[in-house]
Structure formats: structure tokens, C-alpha cells
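Source file: coords.tsv (TSV, C-alpha atoms)
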chain	number	residue	atom	x	y	z
A	1	MET	CA	7.64	34.71	-33.12
A	2	LYS	CA	10.81	33.43	-34.73
A	3	PHE	CA	10.33	30.66	-37.30
A	4	GLN	CA	11.62	27.29	-36.10
A	5	PRO	CA	12.25	24.50	-38.66
A	6	HIS	CA	11.19	21.81	-36.17
A	7	PRO	CA	8.12	21.16	-34.03
A	8	TYR	CA	9.87	20.95	-30.68
A	9	HIS	CA	10.15	23.40	-27.80
A	10	LEU	CA	13.69	24.41	-26.93
A	11	VAL	CA	13.08	25.98	-23.55
A	12	GLU	CA	14.54	29.22	-22.24
A	13	PRO	CA	17.09	28.87	-19.41
A	14	SER	CA	15.23	28.14	-16.19
A	15	PRO	CA	16.24	28.18	-12.52
A	16	TRP	CA	13.77	25.52	-11.50
A	17	PRO	CA	15.81	22.34	-12.11
A	18	LEU	CA	18.63	23.63	-9.88
A	19	ALA	CA	16.16	25.04	-7.34
A	20	GLY	CA	14.38	21.67	-7.23
A	21	ALA	CA	17.64	19.78	-6.78
A	22	ILE	CA	18.69	22.04	-3.89
A	23	ALA	CA	15.24	21.81	-2.30
A	24	LEU	CA	15.30	18.01	-2.55
A	25	LEU	CA	18.78	17.83	-1.07
A	26	ILE	CA	17.73	20.00	1.88
A	27	THR	CA	14.59	17.90	2.31
A	28	THR	CA	16.34	14.53	2.32
A	29	VAL	CA	19.27	15.51	4.53
A	30	SER	CA	17.08	17.34	7.04
A	31	ALA	CA	14.61	14.43	7.09
A	32	VAL	CA	17.44	12.17	8.22
A	33	CYS	CA	18.53	14.78	10.79
A	34	TYR	CA	14.96	15.03	12.04
A	35	PHE	CA	14.62	11.27	12.36
A	36	HIS	CA	17.85	11.11	14.38
A	37	GLY	CA	16.83	13.96	16.64
A	38	TYR	CA	19.37	16.52	15.53
A	39	GLY	CA	18.57	20.10	16.50
A	40	HIS	CA	16.26	22.04	14.15
A	41	GLY	CA	15.90	19.01	11.88
A	42	GLY	CA	12.19	19.66	11.71
A	43	VAL	CA	12.65	23.30	10.78
A	44	PHE	CA	14.93	22.51	7.87
A	45	LEU	CA	12.66	19.67	6.77
A	46	THR	CA	9.79	22.15	6.58
A	47	ILE	CA	11.95	24.59	4.63
A	48	GLY	CA	13.02	21.82	2.25
A	49	LEU	CA	9.45	20.63	1.67
A	50	LEU	CA	8.25	24.20	1.07
A	51	GLY	CA	11.10	24.54	-1.40
A	52	VAL	CA	10.05	21.39	-3.26
A	53	LEU	CA	6.41	22.48	-3.39
A	54	SER	CA	7.35	25.98	-4.53
A	55	THR	CA	9.60	24.62	-7.28
A	56	MET	CA	6.78	22.39	-8.49
A	57	GLY	CA	4.31	25.26	-8.57
A	58	LEU	CA	6.66	27.74	-10.23
A	59	TRP	CA	8.02	25.24	-12.77
A	60	TRP	CA	4.62	24.03	-13.86
A	61	ALA	CA	3.31	27.61	-13.95
A	62	ASP	CA	6.09	28.29	-16.46
A	63	VAL	CA	5.04	25.25	-18.50
A	64	ILE	CA	1.46	26.59	-18.57
A	65	ARG	CA	2.69	30.02	-19.65
A	66	GLU	CA	4.85	28.50	-22.40
A	67	GLY	CA	2.01	26.33	-23.70
A	68	THR	CA	-1.20	28.25	-23.15
A	69	PHE	CA	-0.02	31.84	-23.48
A	70	LEU	CA	3.13	31.67	-25.63
A	71	GLY	CA	1.97	28.92	-28.00
A	72	HIS	CA	5.09	26.76	-27.81
A	73	HIS	CA	3.16	23.50	-27.39
A	74	THR	CA	2.82	22.10	-30.89
A	75	VAL	CA	1.15	18.72	-31.33
A	76	ARG	CA	4.57	17.09	-31.14
A	77	VAL	CA	5.29	18.80	-27.83
A	78	GLN	CA	1.87	17.80	-26.49
A	79	GLN	CA	2.59	14.17	-27.40
A	80	GLY	CA	5.91	14.33	-25.55
A	81	LEU	CA	4.30	15.82	-22.45
A	82	ILE	CA	1.55	13.20	-22.35
A	83	LEU	CA	4.16	10.45	-22.79
A	84	GLY	CA	6.12	11.90	-19.90
A	85	ILE	CA	3.04	11.94	-17.70
A	86	ILE	CA	2.23	8.34	-18.66
A	87	LEU	CA	5.77	7.21	-17.87
A	88	PHE	CA	5.62	8.98	-14.52
A	89	ILE	CA	2.37	7.15	-13.71
A	90	VAL	CA	4.04	3.87	-14.73
A	91	SER	CA	6.80	4.58	-12.21
A	92	GLU	CA	4.11	5.19	-9.57
A	93	VAL	CA	2.57	1.83	-10.49
A	94	PHE	CA	5.91	0.19	-9.70
A	95	PHE	CA	6.01	2.01	-6.39
A	96	PHE	CA	2.60	0.58	-5.43
A	97	LEU	CA	3.71	-2.79	-6.76
A	98	SER	CA	6.43	-2.83	-4.12
A	99	ILE	CA	3.87	-1.98	-1.44
A	100	PHE	CA	1.59	-4.80	-2.58
A	101	TRP	CA	4.61	-7.13	-2.69
A	102	ALA	CA	5.26	-6.40	0.96
A	103	PHE	CA	1.60	-7.04	1.75
A	104	PHE	CA	1.43	-10.37	-0.08
A	105	ASP	CA	4.77	-11.49	1.33
A	106	SER	CA	3.35	-11.07	4.83
A	107	ALA	CA	-0.21	-12.17	4.16
A	108	LEU	CA	0.06	-15.20	1.84
A	109	ALA	CA	2.16	-17.29	4.23
A	110	PRO	CA	1.75	-15.70	7.67
A	111	THR	CA	4.58	-16.55	10.07
A	112	VAL	CA	4.32	-18.45	13.33
A	113	GLU	CA	4.71	-15.15	15.22
A	114	LEU	CA	1.36	-14.12	13.71
A	115	GLY	CA	-0.18	-17.48	14.62
A	116	CYS	CA	-0.02	-18.63	10.98
A	117	SER	CA	-3.21	-16.72	10.22
A	118	TRP	CA	-4.20	-13.56	8.39
A	119	PRO	CA	-5.56	-11.36	9.84
A	120	PRO	CA	-3.11	-12.14	12.64
A	121	ALA	CA	-4.32	-13.09	16.10
A	122	GLY	CA	-5.61	-10.09	18.02
A	123	ILE	CA	-6.29	-7.91	14.97
A	124	GLN	CA	-9.85	-6.80	14.34
A	125	PRO	CA	-9.97	-5.85	10.66
A	126	ILE	CA	-12.25	-3.17	9.24
A	127	ASP	CA	-15.46	-4.55	7.70
A	128	PRO	CA	-14.94	-4.00	3.96
A	129	TRP	CA	-18.67	-3.83	3.26
A	130	GLU	CA	-19.19	-0.76	5.42
A	131	LEU	CA	-17.23	2.48	4.81
A	132	PRO	CA	-14.61	0.95	2.48
A	133	LEU	CA	-17.46	0.00	0.12
A	134	VAL	CA	-18.71	3.60	0.28
A	135	ASN	CA	-15.20	4.74	-0.65
A	136	THR	CA	-15.13	2.35	-3.60
A	137	ILE	CA	-18.43	3.75	-4.86
A	138	LEU	CA	-17.17	7.32	-4.37
A	139	LEU	CA	-14.03	6.74	-6.40
A	140	LEU	CA	-15.72	4.77	-9.18
A	141	SER	CA	-18.31	7.56	-9.47
A	142	SER	CA	-15.58	10.18	-9.58
A	143	GLY	CA	-13.99	8.25	-12.44
A	144	ALA	CA	-17.27	8.46	-14.29
A	145	THR	CA	-17.81	12.17	-13.59
A	146	VAL	CA	-14.30	13.11	-14.70
A	147	THR	CA	-14.87	11.20	-17.95
A	148	TRP	CA	-18.16	13.08	-18.36
A	149	SER	CA	-16.29	16.35	-17.84
A	150	HIS	CA	-13.60	15.44	-20.37
A	151	HIS	CA	-16.12	14.44	-23.02
A	152	SER	CA	-18.06	17.65	-22.40
A	153	LEU	CA	-14.90	19.68	-22.89
A	154	ILE	CA	-14.19	17.91	-26.18
A	155	ALA	CA	-17.76	18.58	-27.30
A	156	GLY	CA	-17.44	22.26	-26.42
A	157	ASP	CA	-20.01	21.99	-23.59
A	158	ARG	CA	-18.46	24.38	-21.06
A	159	LYS	CA	-21.25	24.17	-18.50
A	160	ASN	CA	-21.16	20.39	-18.13
A	161	ALA	CA	-17.38	20.25	-18.29
A	162	LEU	CA	-17.25	22.54	-15.24
A	163	LEU	CA	-20.14	20.88	-13.41
A	164	ALA	CA	-18.79	17.35	-13.81
A	165	LEU	CA	-15.28	18.38	-12.74
A	166	ILE	CA	-16.72	20.03	-9.62
A	167	TYR	CA	-18.65	16.82	-8.85
A	168	THR	CA	-15.39	14.88	-9.29
A	169	ILE	CA	-13.49	17.05	-6.84
A	170	VAL	CA	-16.35	16.95	-4.33
A	171	LEU	CA	-16.41	13.14	-4.50
A	172	ALA	CA	-12.63	13.10	-3.99
A	173	LEU	CA	-12.93	15.33	-0.92
A	174	ILE	CA	-15.69	13.16	0.54
A	175	PHE	CA	-13.48	10.09	0.00
A	176	THR	CA	-10.67	11.81	1.89
A	177	GLY	CA	-13.05	12.71	4.70
A	178	VAL	CA	-14.31	9.15	5.00
A	179	GLN	CA	-10.74	7.82	5.10
A	180	LEU	CA	-9.81	10.28	7.83
A	181	TYR	CA	-12.82	9.09	9.83
A	182	GLU	CA	-11.77	5.46	9.30
A	183	TYR	CA	-8.20	6.22	10.32
A	184	TYR	CA	-9.36	8.00	13.46
A	185	ASN	CA	-11.68	5.14	14.44
A	186	ALA	CA	-9.58	2.17	13.34
A	187	PRO	CA	-9.22	-0.58	15.97
A	188	PHE	CA	-5.53	-1.03	15.09
A	189	THR	CA	-2.56	1.28	14.43
A	190	ILE	CA	0.43	1.26	12.11
A	191	SER	CA	2.46	-0.22	15.00
A	192	ASP	CA	0.25	-3.29	15.26
A	193	GLY	CA	2.55	-5.79	13.62
A	194	ALA	CA	2.72	-6.72	9.97
A	195	PHE	CA	-1.00	-6.15	9.50
A	196	GLY	CA	-0.91	-2.57	10.75
A	197	SER	CA	2.22	-1.79	8.76
A	198	CYS	CA	0.86	-3.19	5.50
A	199	PHE	CA	-2.57	-1.64	5.92
A	200	PHE	CA	-1.42	1.91	6.69
A	201	PHE	CA	1.52	1.76	4.27
A	202	GLY	CA	-0.85	0.88	1.42
A	203	THR	CA	-3.85	3.02	2.30
A	204	GLY	CA	-1.63	5.86	3.52
A	205	PHE	CA	0.34	6.26	0.31
A	206	HIS	CA	-2.88	5.84	-1.63
A	207	GLY	CA	-4.42	8.67	0.40
A	208	GLY	CA	-1.39	10.83	-0.37
A	209	HIS	CA	-1.95	10.17	-4.06
A	210	VAL	CA	-5.63	11.07	-3.69
A	211	LEU	CA	-4.54	14.44	-2.29
A	212	ILE	CA	-2.07	14.97	-5.14
A	213	GLY	CA	-4.72	13.94	-7.67
A	214	SER	CA	-7.26	16.30	-6.09
A	215	ILE	CA	-4.82	19.20	-6.40
A	216	PHE	CA	-4.07	18.22	-10.01
A	217	LEU	CA	-7.82	18.22	-10.75
A	218	GLY	CA	-8.17	21.50	-8.86
A	219	VAL	CA	-5.61	23.13	-11.11
A	220	GLY	CA	-7.60	21.74	-14.04
A	221	LEU	CA	-10.74	23.38	-12.64
A	222	TYR	CA	-8.98	26.73	-12.25
A	223	ARG	CA	-7.71	26.56	-15.82
A	224	LEU	CA	-11.09	25.46	-17.17
A	225	ILE	CA	-12.79	28.41	-15.46
A	226	ASN	CA	-10.16	30.82	-16.80
A	227	TYR	CA	-10.41	29.67	-20.42
A	228	HIS	CA	-6.93	28.11	-20.61
A	229	LEU	CA	-8.28	24.87	-22.11
A	230	THR	CA	-9.69	24.28	-25.59
A	231	LYS	CA	-11.55	21.30	-26.95
A	232	HIS	CA	-8.46	20.24	-28.90
A	233	HIS	CA	-5.68	21.20	-26.50
A	234	HIS	CA	-5.78	20.38	-22.77
A	235	VAL	CA	-2.74	18.23	-21.98
A	236	GLY	CA	-2.56	19.24	-18.32
A	237	TYR	CA	-6.19	18.27	-17.81
A	238	GLU	CA	-5.66	14.94	-19.58
A	239	GLY	CA	-2.71	14.30	-17.28
A	240	ALA	CA	-4.87	14.99	-14.24
A	241	ILE	CA	-7.53	12.61	-15.56
A	242	LEU	CA	-5.00	9.84	-16.22
A	243	TYR	CA	-3.56	10.32	-12.73
A	244	TRP	CA	-7.06	10.20	-11.25
A	245	HIS	CA	-7.89	6.90	-12.99
A	246	PHE	CA	-4.60	5.48	-11.71
A	247	VAL	CA	-5.57	6.48	-8.16
A	248	ASP	CA	-8.95	4.78	-8.65
A	249	VAL	CA	-7.37	1.53	-9.89
A	250	VAL	CA	-4.95	1.42	-6.95
A	251	TRP	CA	-7.93	1.76	-4.60
A	252	LEU	CA	-9.70	-1.14	-6.34
A	253	PHE	CA	-6.65	-3.34	-5.73
A	254	LEU	CA	-6.52	-2.19	-2.11
A	255	PHE	CA	-10.21	-2.85	-1.64
A	256	ILE	CA	-10.15	-6.34	-3.17
A	257	PHE	CA	-6.87	-7.64	-1.74
A	258	VAL	CA	-6.26	-5.73	1.48
A	259	TYR	CA	-9.78	-5.05	2.72
A	260	VAL	CA	-11.88	-7.96	1.38
A	261	TRP	CA	-9.36	-10.82	1.02
A	262	GLY	CA	-7.11	-9.58	3.81
A	263	GLY	CA	-9.98	-9.13	6.23
A	264	GLY	CA	-10.50	-12.87	6.40
A	265	GLU	CA	-13.72	-14.43	7.59
A	266	PRO	CA	-16.29	-11.95	8.84
A	267	PRO	CA	-17.08	-12.00	12.56
A	268	LEU	CA	-19.76	-14.47	13.61
A	269	LEU	CA	-22.12	-11.84	14.94
B	1	MET	CA	40.35	-56.10	24.63
B	2	SER	CA	39.10	-58.25	27.55
B	3	ASP	CA	37.34	-61.59	27.14
B	4	ASN	CA	34.35	-60.42	29.15
B	5	GLU	CA	31.07	-60.69	27.41
B	6	THR	CA	29.64	-57.33	26.57
B	7	GLU	CA	25.94	-56.90	26.17
B	8	THR	CA	24.72	-54.87	23.32
B	9	LYS	CA	21.29	-53.43	23.17
B	10	ALA	CA	19.61	-52.08	20.08
B	11	ILE	CA	18.70	-48.45	20.45
B	12	THR	CA	16.06	-46.97	18.23
B	13	ILE	CA	16.53	-43.31	17.41
B	14	ARG	CA	13.64	-41.64	15.64
B	15	THR	CA	12.59	-38.22	14.63
B	16	ALA	CA	9.39	-36.81	13.22
B	17	GLY	CA	8.55	-38.34	9.85
B	18	PHE	CA	8.17	-36.50	6.55
B	19	ASP	CA	5.03	-34.39	6.48
B	20	ALA	CA	3.98	-33.44	2.95
B	21	ARG	CA	2.43	-30.24	4.29
B	22	PHE	CA	5.95	-28.99	5.02
B	23	PRO	CA	8.20	-30.19	2.19
B	24	ASN	CA	10.89	-27.48	2.35
B	25	THR	CA	14.08	-27.17	4.29
B	26	ASN	CA	12.64	-24.59	6.69
B	27	GLN	CA	10.71	-26.77	9.13
B	28	THR	CA	9.56	-23.98	11.47
B	29	LYS	CA	5.91	-24.41	10.56
B	30	HIS	CA	6.20	-28.19	10.95
B	31	CYS	CA	7.50	-27.70	14.49
B	32	TRP	CA	4.86	-25.05	15.23
B	33	GLN	CA	1.99	-27.13	13.89
B	34	ASN	CA	2.88	-30.10	16.10
B	35	TYR	CA	3.22	-27.80	19.12
B	36	VAL	CA	-0.24	-26.33	18.48
B	37	ASP	CA	-1.76	-29.74	17.69
B	38	TYR	CA	-0.42	-31.26	20.93
B	39	PHE	CA	-2.02	-28.62	23.13
B	40	LYS	CA	-5.26	-28.67	21.18
B	41	CYS	CA	-5.22	-32.47	21.50
B	42	ILE	CA	-4.80	-32.53	25.27
B	43	LYS	CA	-7.35	-29.73	25.68
B	44	ALA	CA	-9.83	-31.78	23.68
B	45	ARG	CA	-9.00	-35.31	24.93
B	46	GLY	CA	-7.09	-34.88	28.17
B	47	GLU	CA	-3.43	-35.31	29.04
B	48	ASP	CA	-3.74	-39.07	29.39
B	49	PHE	CA	-4.91	-39.60	25.83
B	50	ALA	CA	-1.97	-41.53	24.37
B	51	PRO	CA	-2.16	-40.49	20.68
B	52	CYS	CA	-1.50	-36.89	21.75
B	53	GLN	CA	2.01	-38.01	22.64
B	54	GLN	CA	2.79	-38.37	18.94
B	55	PHE	CA	2.53	-34.56	18.62
B	56	PHE	CA	4.53	-34.17	21.83
B	57	ARG	CA	7.40	-36.30	20.53
B	58	ALA	CA	7.27	-34.57	17.14
B	59	TYR	CA	7.54	-31.04	18.47
B	60	HIS	CA	10.26	-31.98	20.92
B	61	SER	CA	12.25	-33.46	18.03
B	62	LEU	CA	11.66	-30.63	15.59
B	63	CYS	CA	11.58	-27.46	17.66
B	64	PRO	CA	14.58	-25.61	19.04
B	65	ASN	CA	14.29	-25.45	22.84
B	66	ASP	CA	14.23	-21.66	22.64
B	67	PHE	CA	11.01	-21.80	20.61
B	68	ILE	CA	9.42	-24.23	23.06
B	69	SER	CA	10.25	-22.15	26.13
B	70	LYS	CA	9.19	-18.92	24.37
B	71	TRP	CA	5.82	-20.39	23.39
B	72	ASP	CA	5.33	-21.98	26.82
B	73	THR	CA	5.85	-18.54	28.39
B	74	GLN	CA	3.40	-16.99	25.93
B	75	ARG	CA	0.80	-19.59	26.79
B	76	GLU	CA	1.23	-18.97	30.50
B	77	GLU	CA	0.89	-15.21	30.01
B	78	GLY	CA	-2.08	-15.58	27.68
B	79	ASN	CA	-0.12	-14.16	24.73
B	80	PHE	CA	0.12	-17.20	22.50
B	81	PRO	CA	-1.24	-16.13	19.08
B	82	VAL	CA	-3.58	-19.10	18.66
B	83	LYS	CA	-6.70	-19.98	20.55
B	84	LEU	CA	-5.84	-23.40	21.94
B	85	ASP	CA	-9.28	-24.07	23.38
B	86	PRO	CA	-11.48	-26.29	21.22

Written form, C-alpha cells:
Amino acid sequence: MKFQPHPYHLVEPSPWPLAGAIALLITTVSAVCYFHGYGHGGVFLTIGLLGVLSTMGLWWADVIREGTFLGHHTVRVQQGLILGIILFIVSEVFFFLSIFWAFFDSALAPTVELGCSWPPAGIQPIDPWELPLVNTILLLSSGATVTWSHHSLIAGDRKNALLALIYTIVLALIFTGVQLYEYYNAPFTISDGAFGSCFFFGTGFHGGHVLIGSIFLGVGLYRLINYHLTKHHHVGYEGAILYWHFVDVVWLFLFIFVYVWGGGEPPLL
Amino acid sequence: MSDNETETKAITIRTAGFDARFPNTNQTKHCWQNYVDYFKCIKARGEDFAPCQQFFRAYHSLCPNDFISKWDTQREEGNFPVKLDP
């Protein structure tokens, strides 16, 4: 290893930034073509999305190689990576902020077209104290188990670190299953006015983030099993944990404001 | 002009008064509330109950005719988004 008089990682030339840019361009343009019914729009959209996913996988695999196997991730580099992950999560917070803005704009002062009430006339909201409450308990528990796993890792307790992470992922998968069941059996659709739009926009993007978070945790599990992580150095895993807590907090906001407050008065029977 | 006597009559022109529930320039909800209150009033007290006419005059002053005909059609078709029965 050549001596470097600084703690940073000056990366080798990489094709992934350009590959990612091309994949994103194909994805966005073909998405528009698909929406407007142009021929083969769907095919190119699929190609573009596969390109984006491949770039993510290959790029981050390189980051893992550089850090875990080549030793380029000094403490300074680790700090930079964690900061980057935190800033990315902050940007995701703003994204959900815009979704909640749309919800409150519609729900706080419902228009005359909705009958000046929320939930609007004709909408039968989902009882928050049934499956949504189960989902809240699932996610809060998964937040606890992932913390248990992290603390076990730091303490050098490999068995519990693995066990708790597996519990976390199982809870996440059960949450996803329950949401799919709710979606399938919901008495309203995304097309049912402002209520349907706000509900599925919010819970839908949240569900997407649950899937992303589950994959992130899954990668953490793979790396934990294969001895990539040490008690002092596990930035990727910490990133997954931070992301998971963010997903949990978004759900709590959804549960309180969209399900409980937004559901209005419970039915008389 | 001519020396003929012309009779003048005082005409009173009124509109709906200020309602503190709707203080802003956009009076859509003010119009809508009076529309809903009129029909709830006559459902509860009958069409001959005179105080209901206050709501009638208010919504006819405040609401664009397009709104009134749209809502009347919705009521007839059973699509009006408020339960008007007491």
C-alpha cells in the first residue's frame, strides 16, 4: 500500500457515475414515453430501471470492496460516508414533508366538493385500531430489535447480532405482508378523490421505503454472516439502521395524522 | 324636463351580511353553508317555515348560479356530498 499523507480516499476511476447517469436518462425518458403510449415505452423503462438497479449494486459493491477488503476507509472516510447517508435521509425527509403538505392542504380545510368534511362524503376509512395498529407495533418492535442487534455487534456478541437482525427483517416482511393485505381489501382506491390520492401517495411511498430499507438490512445481514463487519467499523450497517429508524418515524406520522386523525369519527356500530 | 310629477320609491337592496365564520375574500364556503343550511332547515321545519328563507336569500345572493344549478342536480341525482336529512 502506498503511503498517503492524508486520511481521505481518492478513488480509482469508475464507470458507475456515467453508467448511472445513462441509466437514469433512459429511465426518465422512457417513463414519459410509456405514460404517453409510445411504442415499446415499457420495454425501455424496464431496461432503464434494471440499469439503475445494476449501477447501484455494482457501485456499492465497489465501495464495500474498497472499505472492507482494501482498507481505504479510514475514520475520516467513515465519518464522510455516514454524513452522506444522513444528508440523503434528510432529503428523503423533505420528500415526505411534501407528501404530508399535500395531505394537510386537502384535509385541514376540505373543499365544498368534498362536502366540507374529512374523510369526505362516501369514503369509508380504514379503522386505525385494527391492522394499522398491528403495523405500528411491528415497526416499533423492529426498531427495538435492530438496536439490540447493533449493540450486540458493538459488544462482540455475534450470535445475538445475527438473531436480532433476522428478527428485524422478519418483522419488516410481516409489515409488508399486512400492508399488501390492507391494500387488497381497502374500501377505496387511489382514484377516490383527494382522500384516495393522499392515502395511497403517503402509504405507497412509505411502503417503497420499507422495501428499500429491508434490502439495506438484508445486505447488512449478508455482510454480518460473512464477517465483513467489526465491532468498531460497520458504516454500511449503521446506514441501514438509520434508514430503518427513518422509515419507522415516517410510519408513526402516517399512523397518527393520516390513519387516526384523518379517519375522523369512528362508525357508530 | 317636463313638469309632470314623478313618483320615486325607495328601493332596498341587500345582500348577505358579514359572517365571522367566513372572514376572507373567498366566500365559497359562506355560499355553500347557506345552501346546506337552507335545505336542512326545510327538511327539519318544512318549506313554509319563514326563518328558512333567510338562508334561501343568502345563498341566492352569494352563490354563482352555476354552483346552485350544479348542486341542485347533485341533490336530485343523490350525489350531493352532504346528508341533508336531519

Worksheet item: How many Å lie between atom CA of A:Leu254 and atom CA of A:Leu221, rounded to one decimal?
Response: 28.0 Å

Worksheet item: If we count only C-alpha atoms, which residues of chain A reach to within 10 Å of chain B? Please list them as a ChimeraX atom specification.
Response: /A:111-117,120-122

Could you name the residues that touch A:Ile166 at 10 Å or less, counting all atoms listed in the file, but leaving out those on the same chain fewer than 5 positions away, as a PDB file with C-alpha atoms, in the coordinates of the input?
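The result, stored in around04.pdb:
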ATOM      1  CA  SER A 142     -15.580  10.180  -9.580  1.00  0.00           C
ATOM      2  CA  THR A 145     -17.810  12.170 -13.590  1.00  0.00           C
ATOM      3  CA  VAL A 146     -14.300  13.110 -14.700  1.00  0.00           C
ATOM      4  CA  SER A 149     -16.290  16.350 -17.840  1.00  0.00           C
ATOM      5  CA  ASN A 160     -21.160  20.390 -18.130  1.00  0.00           C
ATOM      6  CA  ALA A 161     -17.380  20.250 -18.290  1.00  0.00           C
ATOM      7  CA  LEU A 171     -16.410  13.140  -4.500  1.00  0.00           C
ATOM      8  CA  ALA A 172     -12.630  13.100  -3.990  1.00  0.00           C
ATOM      9  CA  LEU A 217      -7.820  18.220 -10.750  1.00  0.00           C
ATOM     10  CA  GLY A 218      -8.170  21.500  -8.860  1.00  0.00           C
ATOM     11  CA  LEU A 221     -10.740  23.380 -12.640  1.00  0.00           C
TER      12      LEU A 221
END

Worksheet item: Taking into account all atoms listed in the file, which residue in the set A:Asn185, A:Ser197, A:Gln124, A:Thr176 is nearest to A:Ser106?
Response: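 Ranked by minimum distance to A:Ser106, first place goes to A:Ser197.
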
Discussion item. Ranking B:Gln74, B:Asn24, B:Thr6, B:Thr15 by minimum distance to B:Ser61 and counting all atoms listed in the file, which one comes first?
Written reply: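 For B:Ser61, the nearest of the given residues is B:Thr15.
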
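In this comparison, which uses all atoms listed in the file, the residue of A:Phe201, A:Tyr183, A:Phe175, A:Trp16 approaching A:Ser98 most closely is A:Phe201.
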